[in-house]
$ cat input-v5.csv   # CSV, C-alpha atoms
chain,number,residue,atom,x,y,z
A,1,MET,CA,0.0,0.0,0.0
A,2,ALA,CA,1.3,3.5,-0.8
A,3,ILE,CA,0.5,7.1,-0.6
A,4,SER,CA,1.3,9.7,-3.3
A,5,THR,CA,0.6,13.3,-3.8
A,6,GLY,CA,-0.3,15.5,-6.7
A,7,GLY,CA,-2.7,18.2,-7.6
A,8,ILE,CA,-2.9,21.8,-8.8
A,9,ILE,CA,-1.2,24.6,-6.8
A,10,GLU,CA,-2.0,28.1,-7.8
A,11,ASP,CA,-0.8,29.9,-4.6
A,12,TRP,CA,2.5,31.5,-4.6
A,13,GLY,CA,5.0,32.7,-1.9
A,14,PRO,CA,4.7,31.3,1.6
A,15,PRO,CA,1.5,29.3,1.0
A,16,ARG,CA,3.0,27.5,-2.0
A,17,TRP,CA,6.2,26.8,-0.1
A,18,ALA,CA,4.4,25.5,2.9
A,19,LEU,CA,2.2,23.2,0.8
A,20,GLN,CA,5.2,21.9,-1.2
A,21,GLU,CA,7.0,21.1,2.0
A,22,VAL,CA,4.0,19.1,3.4
A,23,LYS,CA,3.6,17.4,0.0
A,24,ARG,CA,7.2,16.2,0.1
A,25,GLN,CA,6.7,14.9,3.6
A,26,VAL,CA,3.5,13.0,2.6
A,27,ALA,CA,5.1,11.5,-0.5
A,28,SER,CA,8.0,10.2,1.5
A,29,PHE,CA,5.8,8.6,4.1
A,30,ALA,CA,4.7,5.5,2.1
A,31,PRO,CA,6.1,5.7,-1.4
A,32,ARG,CA,5.0,3.4,-4.2
A,33,GLN,CA,7.4,0.4,-4.5
A,34,SER,CA,6.1,-1.0,-7.8
A,35,ASP,CA,3.4,-0.5,-10.4
A,36,GLN,CA,1.4,-3.3,-8.7
A,37,ASP,CA,1.0,-1.3,-5.5
A,38,TYR,CA,-2.4,0.2,-4.7
A,39,VAL,CA,-2.1,3.9,-4.0
A,40,VAL,CA,-4.1,6.6,-2.4
A,41,ASP,CA,-3.2,9.9,-4.2
A,42,ILE,CA,-3.7,12.8,-1.8
A,43,ALA,CA,-4.3,15.5,-4.5
A,44,PHE,CA,-4.2,19.0,-3.3
A,45,ARG,CA,-6.0,21.9,-4.9
A,46,SER,CA,-4.9,25.3,-3.9
A,47,TRP,CA,-6.5,28.4,-5.3
A,48,HIS,CA,-5.5,31.6,-7.0
A,49,PRO,CA,-5.8,34.3,-4.4
A,50,ASN,CA,-8.1,36.4,-6.6
A,51,ARG,CA,-10.6,33.6,-7.6
A,52,GLU,CA,-13.2,31.6,-5.7
A,53,PRO,CA,-12.5,27.9,-5.3
A,54,GLU,CA,-14.4,25.4,-7.5
A,55,PHE,CA,-15.1,23.1,-4.5
A,56,THR,CA,-14.3,22.9,-0.8
A,57,GLY,CA,-13.6,20.0,1.5
A,58,VAL,CA,-12.5,16.5,0.5
A,59,HIS,CA,-13.8,14.7,-2.6
A,60,ALA,CA,-13.1,11.3,-4.2
A,61,ALA,CA,-12.4,11.1,-7.9
A,62,MET,CA,-13.8,8.3,-10.1
A,63,VAL,CA,-12.3,4.8,-9.7
A,64,GLY,CA,-11.9,2.4,-12.6
A,65,ARG,CA,-12.1,-1.3,-12.2
A,66,LYS,CA,-8.5,-1.8,-13.2
A,67,GLN,CA,-7.2,1.3,-11.6
A,68,ARG,CA,-4.7,0.9,-8.7
A,69,ARG,CA,-4.5,4.7,-7.9
A,70,PHE,CA,-7.4,6.2,-6.0
A,71,ILE,CA,-7.4,10.0,-6.1
A,72,ILE,CA,-8.9,12.1,-3.3
A,73,TRP,CA,-9.0,15.8,-3.8
A,74,HIS,CA,-8.3,18.1,-0.9
A,75,SER,CA,-9.3,21.8,-1.2
A,76,VAL,CA,-6.6,23.7,0.6
A,77,PRO,CA,-8.1,26.7,2.5
A,78,LYS,CA,-6.6,30.1,1.8
A,79,GLY,CA,-4.3,31.6,4.4
A,80,LEU,CA,-2.1,28.6,5.3
A,81,ASP,CA,1.3,30.2,5.2
A,82,THR,CA,3.4,27.7,7.2
A,83,ALA,CA,4.1,24.0,6.9
A,84,ALA,CA,2.8,23.6,10.5
A,85,ALA,CA,-0.5,25.2,9.5
A,86,VAL,CA,-0.8,23.0,6.4
A,87,ARG,CA,0.0,19.8,8.5
A,88,ALA,CA,-2.6,20.8,11.1
A,89,TRP,CA,-5.2,21.3,8.5
A,90,LEU,CA,-4.3,18.1,6.6
A,91,ALA,CA,-4.4,16.1,9.9
A,92,SER,CA,-7.9,17.5,10.6
A,93,VAL,CA,-9.3,16.3,7.2
A,94,LEU,CA,-7.5,13.0,6.9
A,95,PRO,CA,-10.3,11.2,8.9
A,96,GLU,CA,-12.6,12.1,6.0
A,97,THR,CA,-10.0,10.9,3.5
A,98,ALA,CA,-9.8,7.5,5.3
A,99,ARG,CA,-13.7,7.3,5.4
A,100,LEU,CA,-13.8,7.8,1.7
A,101,VAL,CA,-11.2,5.1,1.1
A,102,ARG,CA,-13.1,2.7,3.3
A,103,GLU,CA,-16.5,3.4,1.8
A,104,TYR,CA,-16.0,4.6,-1.8
A,105,LEU,CA,-13.7,1.9,-3.3
A,106,PRO,CA,-15.5,-0.8,-5.2
A,107,ARG,CA,-16.4,-4.0,-3.3
A,108,LYS,CA,-17.8,-6.1,-6.2
A,109,SER,CA,-15.9,-8.0,-8.8
A,110,LYS,CA,-12.4,-6.8,-7.8
A,111,ALA,CA,-11.7,-6.5,-4.1
A,112,TYR,CA,-9.7,-3.3,-3.4
A,113,PRO,CA,-7.6,-3.3,-0.2
A,114,SER,CA,-9.6,-0.4,1.2
A,115,GLU,CA,-9.0,-1.2,4.8
A,116,GLN,CA,-5.3,-1.4,4.4
A,117,LEU,CA,-5.2,1.8,2.4
A,118,ALA,CA,-7.3,3.6,5.0
A,119,ALA,CA,-4.9,2.3,7.7
A,120,GLU,CA,-2.1,4.0,5.8
A,121,ILE,CA,-4.0,7.2,5.8
A,122,ASP,CA,-4.6,6.9,9.6
A,123,ALA,CA,-0.9,6.2,10.1
A,124,LEU,CA,0.0,9.3,8.0
A,125,ARG,CA,-2.3,11.4,10.2
A,126,GLU,CA,-0.6,10.1,13.3
A,127,MET,CA,2.8,11.0,11.8
A,128,LEU,CA,1.6,14.5,11.0
A,129,LEU,CA,0.3,15.1,14.5
A,130,LYS,CA,3.5,13.8,16.0
A,131,THR,CA,5.5,16.1,13.7
A,132,ASP,CA,3.6,19.1,14.9
A,133,SER,CA,3.8,18.2,18.6
A,134,SER,CA,7.5,17.8,18.4
A,135,ASP,CA,8.2,20.9,16.4
A,136,PRO,CA,8.9,23.9,18.8
A,137,SER,CA,7.9,26.4,16.1
A,138,THR,CA,4.2,25.2,16.3
A,139,ILE,CA,3.8,26.0,20.0

$ encode --input "input-v5.csv" --output "C-alpha cells"
Amino acid sequence: MAISTGGIIEDWGPPRWALQEVKRQVASFAPRQSDQDYVVDIAFRSWHPNREPEFTGVHAAMVGRKQRRFIIWHSVPKGLDTAAAVRAWLASVLPETARLVREYLPRKSKAYPSEQLAAEIDALREMLLKTDSSDPSTI
C-alpha cells in the first residue's frame, strides 16, 4: 500500500512553499514500491488568491475497475502560510479521507484493499500530528 501526492497549486509565496514542504513529507511517508501497489493519491487543490474555489472540502475522484490509484481531492483553504498550518489542516481532514477510502472503493468483482489503504491514511495522520507536537515552532 502506498500514498502519493499531486494536484494543482496556484498559490505563490509562503502558502506555496508551505504546501510543497508538506507534499514532500506526505510523499516520503509510504512511497510506491512498484506498479502493482495500490495507491491513495492525496491530491491538493490550492487556489489563485483572486478567484473563488471550484469546490471545498475532501472529494473522491472516479475509480476504474482496473485502476490501482485512488485520487482524493483536498481543497486547501486560503491563508495557510506555514508548513505547520498545512500539516494541522491536513491532519484535521484525513479522517474524512480515510472514510472515503473505506466506503468509496468498489467492493464487487475486484476487491480493493480499502481497509489497508485507510490504515495507511490513519498512520499518516498520526505521523503529521507527532511532527507538529515535536516541532517547537508550532507552539

$ closest_residue --input "input-v5.csv" --among "A:Ala30, A:Leu90, A:Leu80, A:Leu100" --to "A:Ala61" --atoms "all atoms listed in the file"
A:Leu100

$ residues_near_point --input "input-v5.csv" --point "(-12.0, 6.6, -9.4)" --cutoff "12 Å" --atoms "only C-alpha atoms" --output "VMD selection string"
chain A and resid 39 to 41 59 to 73 100 to 101 104 to 106 112

$ atom_distance --input "input-v5.csv" --atom1 "atom CA of A:Ala18" --atom2 "atom CA of A:Arg87"
9.1 Å

$ atom_distance --input "input-v5.csv" --atom1 "atom CA of A:Val58" --atom2 "atom CA of A:Pro77"
11.3 Å

$ atom_distance --input "input-v5.csv" --atom1 "atom CA of A:Ser4" --atom2 "atom CA of A:Gln25"
10.2 Å

$ residues_near_point --input "input-v5.csv" --point "(-5.8, 24.6, -4.2)" --cutoff "7 Å" --atoms "only C-alpha atoms" --output "number ranges by chain"
A: 8-10, 44-47, 75-76

$ residues_around --input "input-v5.csv" --residues "A:Val22" --least-positions-apart "5" --cutoff "9 Å" --atoms "all atoms listed in the file" --output "list in words"
Trp17, Ala27, Ala83, Ala84, Val86, Arg87 and Leu90 of chain A

$ closest_residue --input "input-v5.csv" --among "A:Glu96, A:Asp37, A:Glu115, A:Glu21" --to "A:Ile3" --atoms "all atoms listed in the file"
A:Asp37

$ closest_residue --input "input-v5.csv" --among "A:Val26, A:Met1, A:Gln20, A:Asp35" --to "A:Arg125" --atoms "all atoms listed in the file"
A:Val26

$ residues_around --input "input-v5.csv" --residues "A:Ala85" --least-positions-apart "3" --cutoff "10 Å" --atoms "only C-alpha atoms" --output "mmCIF file with C-alpha atoms, in the frame of the given file"
data_model
loop_
_atom_site.group_PDB
_atom_site.id
_atom_site.type_symbol
_atom_site.label_atom_id
_atom_site.label_comp_id
_atom_site.auth_asym_id
_atom_site.auth_seq_id
_atom_site.Cartn_x
_atom_site.Cartn_y
_atom_site.Cartn_z
ATOM 1 C CA PRO A 15 1.500 29.300 1.000
ATOM 2 C CA ALA A 18 4.400 25.500 2.900
ATOM 3 C CA LEU A 19 2.200 23.200 0.800
ATOM 4 C CA VAL A 22 4.000 19.100 3.400
ATOM 5 C CA GLY A 79 -4.300 31.600 4.400
ATOM 6 C CA LEU A 80 -2.100 28.600 5.300
ATOM 7 C CA ASP A 81 1.300 30.200 5.200
ATOM 8 C CA THR A 82 3.400 27.700 7.200
ATOM 9 C CA ALA A 88 -2.600 20.800 11.100
ATOM 10 C CA TRP A 89 -5.200 21.300 8.500
ATOM 11 C CA LEU A 90 -4.300 18.100 6.600
ATOM 12 C CA ALA A 91 -4.400 16.100 9.900
ATOM 13 C CA ASP A 132 3.600 19.100 14.900
ATOM 14 C CA THR A 138 4.200 25.200 16.300
#

$ residues_around --input "input-v5.csv" --residues "A:Ala118" --least-positions-apart "4" --cutoff "9 Å" --atoms "all atoms listed in the file" --output "list in words"
Val40, Thr97, Ala98, Arg99, Leu100, Val101, Arg102, Pro113, Ser114, Asp122 and Ala123 of chain A
